[in-house]
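Next comes my_file_10.cif, with mmCIF, C-alpha atoms and all ligand atoms.
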data_entry
loop_
_atom_site.label_atom_id
_atom_site.label_comp_id
_atom_site.auth_asym_id
_atom_site.auth_seq_id
_atom_site.Cartn_x
_atom_site.Cartn_y
_atom_site.Cartn_z
CA MET A 10 -19.80 69.03 25.82
CA ILE A 11 -17.25 66.52 27.14
CA VAL A 12 -17.08 65.98 30.91
CA THR A 13 -13.76 64.58 32.14
CA VAL A 14 -13.57 62.84 35.51
CA THR A 15 -10.42 62.82 37.69
CA MET A 16 -11.21 61.34 41.09
CA ASN A 17 -7.72 61.77 42.60
CA PRO A 18 -6.10 64.80 40.90
CA SER A 19 -2.60 65.90 41.84
CA VAL A 20 -0.11 68.70 41.67
CA ASP A 21 2.62 67.16 39.52
CA ILE A 22 6.02 68.49 40.56
CA SER A 23 9.07 68.01 38.38
CA TYR A 24 12.56 68.36 39.86
CA PRO A 25 15.25 68.32 37.15
CA LEU A 26 18.61 67.48 38.79
CA GLY A 27 22.00 66.93 37.18
CA LYS A 28 22.61 64.14 39.66
CA LEU A 29 20.52 62.75 42.51
CA VAL A 30 22.67 62.58 45.62
CA ILE A 31 21.31 60.08 48.13
CA ASN A 32 21.43 60.92 51.84
CA ASP A 33 22.40 64.56 51.19
CA VAL A 34 20.77 67.85 50.17
CA ASN A 35 19.71 68.20 46.51
CA ARG A 36 19.00 71.78 45.41
CA VAL A 37 16.78 72.37 42.41
CA GLU A 38 16.29 75.55 40.35
CA ASN A 39 13.79 74.86 37.58
CA VAL A 40 10.86 73.42 39.48
CA SER A 41 7.66 72.99 37.49
CA LYS A 42 4.27 72.45 39.13
CA THR A 43 1.27 71.53 37.03
CA ALA A 44 -2.26 70.20 37.48
CA GLY A 45 -2.02 66.44 37.05
CA GLY A 46 -4.11 63.31 36.90
CA LYS A 47 -5.18 61.29 33.90
CA GLY A 48 -8.56 63.00 33.46
CA LEU A 49 -6.91 66.43 33.49
CA ASN A 50 -4.51 65.27 30.74
CA VAL A 51 -7.59 64.26 28.73
CA SER A 52 -9.13 67.70 29.42
CA ARG A 53 -6.10 69.59 28.12
CA VAL A 54 -5.78 67.62 24.88
CA ALA A 55 -9.55 67.65 24.22
CA LYS A 56 -9.50 71.43 24.73
CA GLN A 57 -6.59 71.71 22.28
CA LEU A 58 -8.69 69.76 19.77
CA GLY A 59 -11.37 72.45 20.10
CA SER A 60 -13.83 70.54 22.31
CA ASN A 61 -15.99 72.17 24.93
CA VAL A 62 -14.65 70.55 28.13
CA LEU A 63 -15.81 70.52 31.75
CA ALA A 64 -13.54 68.85 34.35
CA THR A 65 -14.91 67.23 37.49
CA GLY A 66 -13.87 64.85 40.27
CA ILE A 67 -12.98 65.36 43.93
CA ILE A 68 -10.60 68.06 45.07
CA GLY A 69 -9.56 69.71 48.32
CA GLY A 70 -7.26 71.97 50.32
CA THR A 71 -4.64 74.39 49.07
CA LEU A 72 -3.39 71.90 46.48
CA GLY A 73 -6.96 71.63 45.21
CA GLU A 74 -7.07 75.42 44.90
CA PHE A 75 -3.78 75.39 42.98
CA ILE A 76 -5.13 72.77 40.56
CA GLN A 77 -8.26 74.84 39.93
CA GLU A 78 -6.19 78.00 39.37
CA GLN A 79 -4.10 76.13 36.80
CA LEU A 80 -7.26 75.00 35.02
CA ASP A 81 -8.51 78.60 35.04
CA THR A 82 -5.24 79.73 33.45
CA GLN A 83 -5.66 77.06 30.78
CA LYS A 84 -9.29 78.17 30.30
CA ILE A 85 -10.58 74.71 31.18
CA ARG A 86 -13.92 74.94 32.96
CA HIS A 87 -14.27 72.84 36.09
CA ASP A 88 -16.90 71.85 38.63
CA PHE A 89 -15.28 69.61 41.27
CA TYR A 90 -16.86 68.26 44.42
CA GLN A 91 -14.92 70.00 47.20
CA THR A 92 -13.69 68.08 50.24
CA THR A 93 -11.88 69.54 53.23
CA LYS A 94 -9.13 66.93 52.75
CA GLU A 95 -5.96 67.94 50.93
CA SER A 96 -5.39 66.77 47.33
CA ARG A 97 -2.02 65.14 46.64
CA ASN A 98 1.42 65.95 45.25
CA CYS A 99 3.18 63.65 42.80
CA ILE A 100 6.91 64.27 42.44
CA ALA A 101 9.08 63.27 39.50
CA ILE A 102 12.85 63.63 39.99
CA LEU A 103 14.59 63.78 36.62
CA HIS A 104 18.23 62.77 37.00
CA GLU A 105 20.94 61.19 34.84
CA GLY A 106 18.40 60.16 32.19
CA ASN A 107 16.16 58.54 34.83
CA GLN A 108 12.79 59.50 36.25
CA THR A 109 12.38 58.63 39.95
CA GLU A 110 8.81 59.19 41.13
CA VAL A 111 7.37 59.79 44.58
CA LEU A 112 3.59 59.52 44.41
CA GLU A 113 1.37 60.42 47.35
CA ASP A 114 -1.72 58.24 47.74
CA GLY A 115 -3.96 61.25 48.27
CA PRO A 116 -6.81 61.72 50.75
CA ILE A 117 -8.80 58.92 52.37
CA LEU A 118 -12.44 59.71 51.63
CA SER A 119 -15.54 58.60 53.52
CA ASP A 120 -18.79 56.90 52.46
CA GLN A 121 -20.53 60.23 53.03
CA GLU A 122 -18.11 61.98 50.66
CA GLU A 123 -18.80 59.34 48.01
CA THR A 124 -22.56 59.85 48.42
CA ASP A 125 -22.15 63.63 48.23
CA PHE A 126 -19.90 63.40 45.17
CA LEU A 127 -22.43 61.17 43.40
CA LEU A 128 -25.16 63.72 44.15
CA HIS A 129 -22.92 66.46 42.73
CA PHE A 130 -22.16 64.35 39.65
CA SER A 131 -25.82 63.48 39.16
CA SER A 132 -26.85 67.14 39.30
CA MET A 133 -24.12 68.02 36.76
CA LEU A 134 -25.66 65.49 34.36
CA MET A 135 -28.90 67.52 34.27
CA ASP A 136 -27.13 69.73 31.71
CA ASP A 137 -28.34 68.40 28.40
CA GLN A 138 -25.33 69.84 26.56
CA ILE A 139 -23.25 66.93 27.91
CA SER A 140 -22.83 64.23 25.29
CA VAL A 141 -19.68 62.40 26.44
CA ILE A 142 -18.21 61.57 29.86
CA SER A 143 -14.61 60.43 30.01
CA ILE A 144 -13.61 58.66 33.24
CA SER A 145 -9.87 58.12 33.79
CA GLY A 146 -7.57 56.72 36.41
CA SER A 147 -7.83 55.13 39.82
CA LEU A 148 -10.16 55.84 42.72
CA PRO A 149 -8.99 57.57 45.90
CA ARG A 150 -8.75 55.46 49.04
CA GLY A 151 -12.00 55.08 50.98
CA LEU A 152 -14.32 55.16 47.97
CA SER A 153 -16.13 51.94 47.10
CA GLN A 154 -14.71 49.87 44.27
CA ASP A 155 -18.18 50.25 42.68
CA CYS A 156 -17.95 54.03 42.42
CA TYR A 157 -17.47 53.95 38.63
CA VAL A 158 -20.36 51.46 38.35
CA LYS A 159 -22.61 54.01 40.07
CA MET A 160 -21.39 56.86 37.87
CA ILE A 161 -21.89 54.89 34.66
CA GLU A 162 -25.37 53.92 35.82
CA LEU A 163 -26.22 57.63 36.14
CA ALA A 164 -24.77 58.37 32.69
CA ASN A 165 -26.59 55.40 31.10
CA GLU A 166 -29.91 56.69 32.51
CA LYS A 167 -29.29 59.96 30.66
CA ASN A 168 -28.05 58.25 27.47
CA ILE A 169 -24.69 60.02 27.77
CA LEU A 170 -21.79 58.22 26.09
CA VAL A 171 -19.08 57.03 28.50
CA ILE A 172 -15.38 56.36 27.91
CA LEU A 173 -13.74 54.39 30.72
CA ASP A 174 -9.95 54.24 31.06
CA THR A 175 -9.14 52.55 34.33
CA SER A 176 -7.64 49.32 35.60
CA GLY A 177 -7.74 46.77 38.40
CA GLU A 178 -10.77 46.12 40.59
CA PRO A 179 -12.85 49.23 39.65
CA PHE A 180 -12.48 48.19 35.96
CA ARG A 181 -13.39 44.58 36.72
CA ARG A 182 -16.48 45.68 38.66
CA VAL A 183 -17.75 47.74 35.73
CA LEU A 184 -17.23 44.92 33.25
CA GLU A 185 -18.95 42.42 35.51
CA THR A 186 -22.00 44.61 36.13
CA THR A 187 -23.77 43.78 32.91
CA ASN A 188 -26.82 46.04 33.43
CA ILE A 189 -24.56 49.10 33.00
CA ARG A 190 -22.20 49.60 30.03
CA PRO A 191 -19.52 52.11 29.15
CA THR A 192 -19.59 53.01 25.46
CA VAL A 193 -15.80 52.78 25.06
CA ILE A 194 -13.05 51.10 27.08
CA LYS A 195 -9.38 51.74 26.34
CA PRO A 196 -7.19 49.29 28.22
CA ASN A 197 -3.54 49.11 27.25
CA ILE A 198 -2.28 45.62 26.55
CA SER A 199 -0.88 45.12 30.06
CA GLU A 200 -4.12 46.28 31.72
CA LEU A 201 -6.03 43.81 29.54
CA SER A 202 -3.52 41.06 30.39
CA ALA A 203 -3.97 41.78 34.12
CA LEU A 204 -7.74 41.64 33.76
CA GLU A 205 -7.58 38.37 31.85
CA ASP A 206 -4.84 36.98 34.12
CA LYS A 207 -2.96 35.98 30.99
CA ALA A 208 0.12 37.46 29.25
CA LEU A 209 -1.28 38.85 25.98
CA ASP A 210 1.27 39.82 23.34
CA GLY A 211 -0.94 41.50 20.75
CA ASP A 212 -1.68 38.39 18.67
CA TRP A 213 -4.86 39.26 16.70
CA ASN A 214 -6.57 35.89 17.02
CA GLU A 215 -5.92 35.73 20.72
CA LEU A 216 -7.20 39.31 21.23
CA LYS A 217 -10.31 38.56 19.17
CA ALA A 218 -11.03 35.49 21.29
CA VAL A 219 -10.58 37.51 24.50
CA LEU A 220 -12.84 40.37 23.36
CA GLU A 221 -15.59 37.90 22.40
CA GLY A 222 -15.76 37.07 26.13
CA GLN A 223 -18.95 37.59 28.11
CA ARG A 224 -17.60 40.48 30.20
CA TYR A 225 -17.15 42.68 27.08
CA ARG A 226 -20.63 42.01 25.70
CA ASP A 227 -22.48 45.13 24.47
CA ILE A 228 -19.51 47.46 24.90
CA GLU A 229 -19.63 49.35 21.63
CA TRP A 230 -15.94 50.18 21.29
CA ILE A 231 -12.95 48.37 22.78
CA ILE A 232 -9.64 49.99 21.90
CA VAL A 233 -6.60 48.09 23.16
CA SER A 234 -3.67 50.49 22.93
CA MET A 235 -0.22 49.01 22.38
CA GLY A 236 2.25 51.92 22.53
CA SER A 237 4.48 52.06 19.44
CA GLU A 238 2.55 49.06 18.04
CA GLY A 239 -0.59 51.21 17.67
CA ALA A 240 -3.83 49.51 18.67
CA PHE A 241 -6.23 46.63 18.20
CA ALA A 242 -9.87 47.74 18.16
CA LYS A 243 -13.36 46.28 18.13
CA HIS A 244 -16.44 48.29 17.13
CA HIS A 245 -19.62 46.23 17.49
CA ASP A 246 -18.63 43.12 15.51
CA LYS A 247 -15.91 44.75 13.37
CA TYR A 248 -12.23 44.35 14.25
CA TYR A 249 -9.43 46.70 13.27
CA HIS A 250 -5.67 46.73 13.47
CA VAL A 251 -4.20 50.22 13.67
CA GLU A 252 -0.57 50.96 12.82
CA VAL A 253 1.21 54.15 13.85
CA PRO A 254 4.33 55.56 12.16
CA GLY A 255 7.75 54.83 13.66
CA ILE A 256 8.86 57.91 15.62
CA THR A 257 11.50 58.84 18.15
CA ALA A 258 9.50 59.17 21.33
CA ILE A 259 10.33 62.11 23.60
CA SER A 260 8.01 61.14 26.49
CA PRO A 261 5.22 58.57 26.11
CA VAL A 262 3.75 59.42 29.55
CA GLY A 263 0.11 60.42 29.07
CA SER A 264 -0.17 59.08 25.51
CA GLY A 265 -3.08 56.91 26.60
CA ASP A 266 -4.81 60.02 27.97
CA ALA A 267 -4.19 61.93 24.74
CA THR A 268 -5.67 58.91 22.91
CA VAL A 269 -8.77 59.11 25.12
CA ALA A 270 -9.08 62.83 24.31
CA GLY A 271 -9.05 61.94 20.60
CA ILE A 272 -11.70 59.26 21.16
CA ALA A 273 -13.92 61.66 23.14
CA THR A 274 -13.69 64.38 20.51
CA ALA A 275 -14.40 61.96 17.65
CA LEU A 276 -17.25 60.32 19.56
CA GLU A 277 -18.87 63.69 20.15
CA ALA A 278 -18.51 64.52 16.45
CA ARG A 279 -20.06 61.10 15.57
CA SER A 280 -17.07 60.34 13.37
CA THR A 281 -16.71 57.23 11.23
CA ASP A 282 -14.76 54.26 12.61
CA GLU A 283 -11.76 55.21 10.50
CA ASP A 284 -11.77 58.85 11.63
CA LEU A 285 -12.21 57.94 15.29
CA LEU A 286 -9.30 55.51 15.24
CA LYS A 287 -7.08 57.88 13.26
CA MET A 288 -7.83 60.79 15.57
CA ALA A 289 -7.20 58.66 18.69
CA MET A 290 -3.87 57.37 17.40
CA THR A 291 -2.75 60.77 16.10
CA THR A 292 -3.28 62.43 19.48
CA GLY A 293 -1.42 59.55 21.18
CA VAL A 294 1.53 59.88 18.79
CA LEU A 295 1.61 63.69 19.13
CA ASN A 296 1.73 63.45 22.95
CA THR A 297 4.63 61.00 22.66
CA LEU A 298 6.55 63.64 20.70
CA GLU A 299 6.33 66.18 23.55
CA GLU A 300 8.09 66.53 26.88
CA ARG A 301 4.92 67.82 28.49
CA THR A 302 2.33 65.28 29.61
CA GLY A 303 -1.15 65.75 28.18
CA TYR A 304 -0.11 68.22 25.51
CA ILE A 305 0.03 67.98 21.71
CA ASN A 306 1.40 70.19 18.97
CA CYS A 307 -1.67 70.64 16.76
CA GLU A 308 0.47 71.96 13.89
CA ASN A 309 1.68 68.40 13.25
CA TYR A 310 -1.81 66.88 13.45
CA ASP A 311 -2.51 66.46 9.72
CA PHE A 312 0.98 65.10 9.01
CA TYR A 313 0.61 62.20 11.49
CA TYR A 314 -3.12 61.68 10.82
CA GLU A 315 -2.28 60.80 7.21
CA LYS A 316 0.30 58.25 8.38
CA ILE A 317 -2.06 56.15 10.53
CA LYS A 318 -2.93 52.89 8.77
CA ILE A 319 -6.21 51.12 9.56
CA THR A 320 -6.87 47.54 8.45
CA GLN A 321 -10.19 45.83 9.04
CA ILE A 322 -9.50 42.21 9.96
P1 LIG A 401 -0.36 56.21 29.55
O1 LIG A 401 -0.80 55.30 30.68
O2 LIG A 401 1.07 56.68 29.69
O3 LIG A 401 -1.29 57.36 29.33
P2 LIG A 401 -1.13 53.96 27.84
O4 LIG A 401 -0.30 52.79 28.28
O5 LIG A 401 -2.54 54.01 28.28
O6 LIG A 401 -0.39 55.33 28.20
P3 LIG A 401 -0.12 53.51 25.16
O7 LIG A 401 -0.66 52.23 24.63
O8 LIG A 401 1.29 53.49 25.66
O9 LIG A 401 -1.15 54.06 26.25
O10 LIG A 401 -0.18 54.64 24.04
C1 LIG A 401 -1.40 55.15 23.53
C2 LIG A 401 -1.20 55.51 22.07
O11 LIG A 401 -0.17 56.51 21.95
C3 LIG A 401 -0.76 54.35 21.19
O12 LIG A 401 -1.86 53.57 20.75
C4 LIG A 401 -0.06 55.11 20.05
O13 LIG A 401 -1.02 55.69 19.18
C5 LIG A 401 0.63 56.26 20.79
N1 LIG A 401 1.98 55.89 21.21
C6 LIG A 401 2.42 55.60 22.45
N2 LIG A 401 3.74 55.32 22.46
C7 LIG A 401 4.16 55.44 21.18
C8 LIG A 401 5.44 55.31 20.51
N3 LIG A 401 6.55 54.96 21.18
N4 LIG A 401 5.48 55.52 19.18
C9 LIG A 401 4.38 55.87 18.49
N5 LIG A 401 3.17 56.02 19.06
C10 LIG A 401 3.05 55.82 20.38
#
Show me the file's structure as structure tokens.
Ligand code: ATP
Amino acid sequence: MIVTVTMNPSVDISYPLGKLVINDVNRVENVSKTAGGKGLNVSRVAKQLGSNVLATGIIGGTLGEFIQEQLDTQKIRHDFYQTTKESRNCIAILHEGNQTEVLEDGPILSDQEETDFLLHFSSMLMDDQISVISISGSLPRGLSQDCYVKMIELANEKNILVILDTSGEPFRRVLETTNIRPTVIKPNISELSALEDKALDGDWNELKAVLEGQRYRDIEWIIVSMGSEGAFAKHHDKYYHVEVPGITAISPVGSGDATVAGIATALEARSTDEDLLKMAMTTGVLNTLEERTGYINCENYDFYYEKIKITQI
């Protein structure tokens, strides 16, 4: 079973407008409201790939109820820690070929809520069907920057594989706590650049030198995703360059999450390096070809899978 973690889920609202009129009323007909957050995107794609998925994180209020109802409709099992504080809305206004976003920060949580969530998470891990945990996205305000460190420590104690897709200080804390290790990290090139405080452009030798650094020691898989340029990957001491086919992207939002879903599914199936990378890239490409975030058309899976080119370097 794959457990996905979304610590700050949202109701994603899309307002398609012909034209956004500033300082006046804008009326919208075709509103769509969906369960959002990076971990929930991973859940949907992993479920589409046939994985047994359980979604967790912290959720609350009427928006929290809406998110859980959506997951029920999509037949995605969930076991969130419930807070009394309201989960957030994230609004995307689609107008004149632009996407203007209004993102709520979400609830401010307390130390007690962090402790209670960690107890909830720890008791979930008693289920020995769980083989992979996929942690995505940022932490809600109020939680300690070490929250992912604590979660990975619990997973490491149970020998459960962990995929971490986050950025900024929570990511740095995990990498610098060398007695705990995620199994896979999937930074995109700009997240890696921010971490390294250096503008990386995808040059193989430079990436190799970076990934040899002390903070990445003993992380089994490092997959640096690079959008239409595919990925650069390290598995133990092997390095790979992965090319994806040229496509006309419809919406790349959530492609990194679809990639994580591919990684989680392949990791659970104990796939070969080549299969894992091909699956991860195929799911990323397929998400890019859809308007919906965190959704793939499985009918095109084999077609794109065959077009992914892996070179060991
Ligand atoms: P997000 O934060 O939106 O989820 P990300 O920045 O984490 O995305 P990307 O590196 O943009 O992730 O994309 C992940 C994968 O999706 C890429 O490695 C590639 O396989 C696929 N992909 C993304 N954009 C494109 C594109 N324009 N053309 C082809 N493949 C793409």
Mind pulling up the distance from atom CA of Ser264 of chain A to atom CA of Cys99 of chain A?
18.2 Å
Compute the set of protein, DNA and RNA residues whose minimum atom distance to ligand LIG 401 (chain A) is at most 8 Å, using all atoms listed in the file, and state it as an MDAnalysis selection string.
chainID A and resid 47 174 195:199 233:240 252:258 261:268 289:297
Go through A:Val141, A:Leu163, A:Ala44, A:Met133 one by one, measure the shortest atom-to-atom distance of each to Ala278 of chain A using only C-alpha atoms, and give the residue with the smallest value.
A:Val141
Suppose you want the space between atom CA of Leu103 of chain A and atom CA of Ser23 of chain A; what is it in Å?
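The value is 7.2 Å.
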Radius query 10 Å about (-9.9, 66.9, 29.5), atoms used: all atoms listed in the file, as a tab-separated table (two decimals) with C-alpha atoms, keeping the file's coordinate frame:
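So the final result, stored in out32.tsv, reads:
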chain	number	residue	atom	x	y	z
A	11	ILE	CA	-17.25	66.52	27.14
A	12	VAL	CA	-17.08	65.98	30.91
A	13	THR	CA	-13.76	64.58	32.14
A	14	VAL	CA	-13.57	62.84	35.51
A	15	THR	CA	-10.42	62.82	37.69
A	47	LYS	CA	-5.18	61.29	33.90
A	48	GLY	CA	-8.56	63.00	33.46
A	49	LEU	CA	-6.91	66.43	33.49
A	50	ASN	CA	-4.51	65.27	30.74
A	51	VAL	CA	-7.59	64.26	28.73
A	52	SER	CA	-9.13	67.70	29.42
A	53	ARG	CA	-6.10	69.59	28.12
A	54	VAL	CA	-5.78	67.62	24.88
A	55	ALA	CA	-9.55	67.65	24.22
A	56	LYS	CA	-9.50	71.43	24.73
A	57	GLN	CA	-6.59	71.71	22.28
A	60	SER	CA	-13.83	70.54	22.31
A	61	ASN	CA	-15.99	72.17	24.93
A	62	VAL	CA	-14.65	70.55	28.13
A	63	LEU	CA	-15.81	70.52	31.75
A	64	ALA	CA	-13.54	68.85	34.35
A	65	THR	CA	-14.91	67.23	37.49
A	85	ILE	CA	-10.58	74.71	31.18
A	86	ARG	CA	-13.92	74.94	32.96
A	87	HIS	CA	-14.27	72.84	36.09
A	142	ILE	CA	-18.21	61.57	29.86
A	143	SER	CA	-14.61	60.43	30.01
A	144	ILE	CA	-13.61	58.66	33.24
A	145	SER	CA	-9.87	58.12	33.79
A	266	ASP	CA	-4.81	60.02	27.97
A	267	ALA	CA	-4.19	61.93	24.74
A	269	VAL	CA	-8.77	59.11	25.12
A	270	ALA	CA	-9.08	62.83	24.31
A	273	ALA	CA	-13.92	61.66	23.14
A	303	GLY	CA	-1.15	65.75	28.18
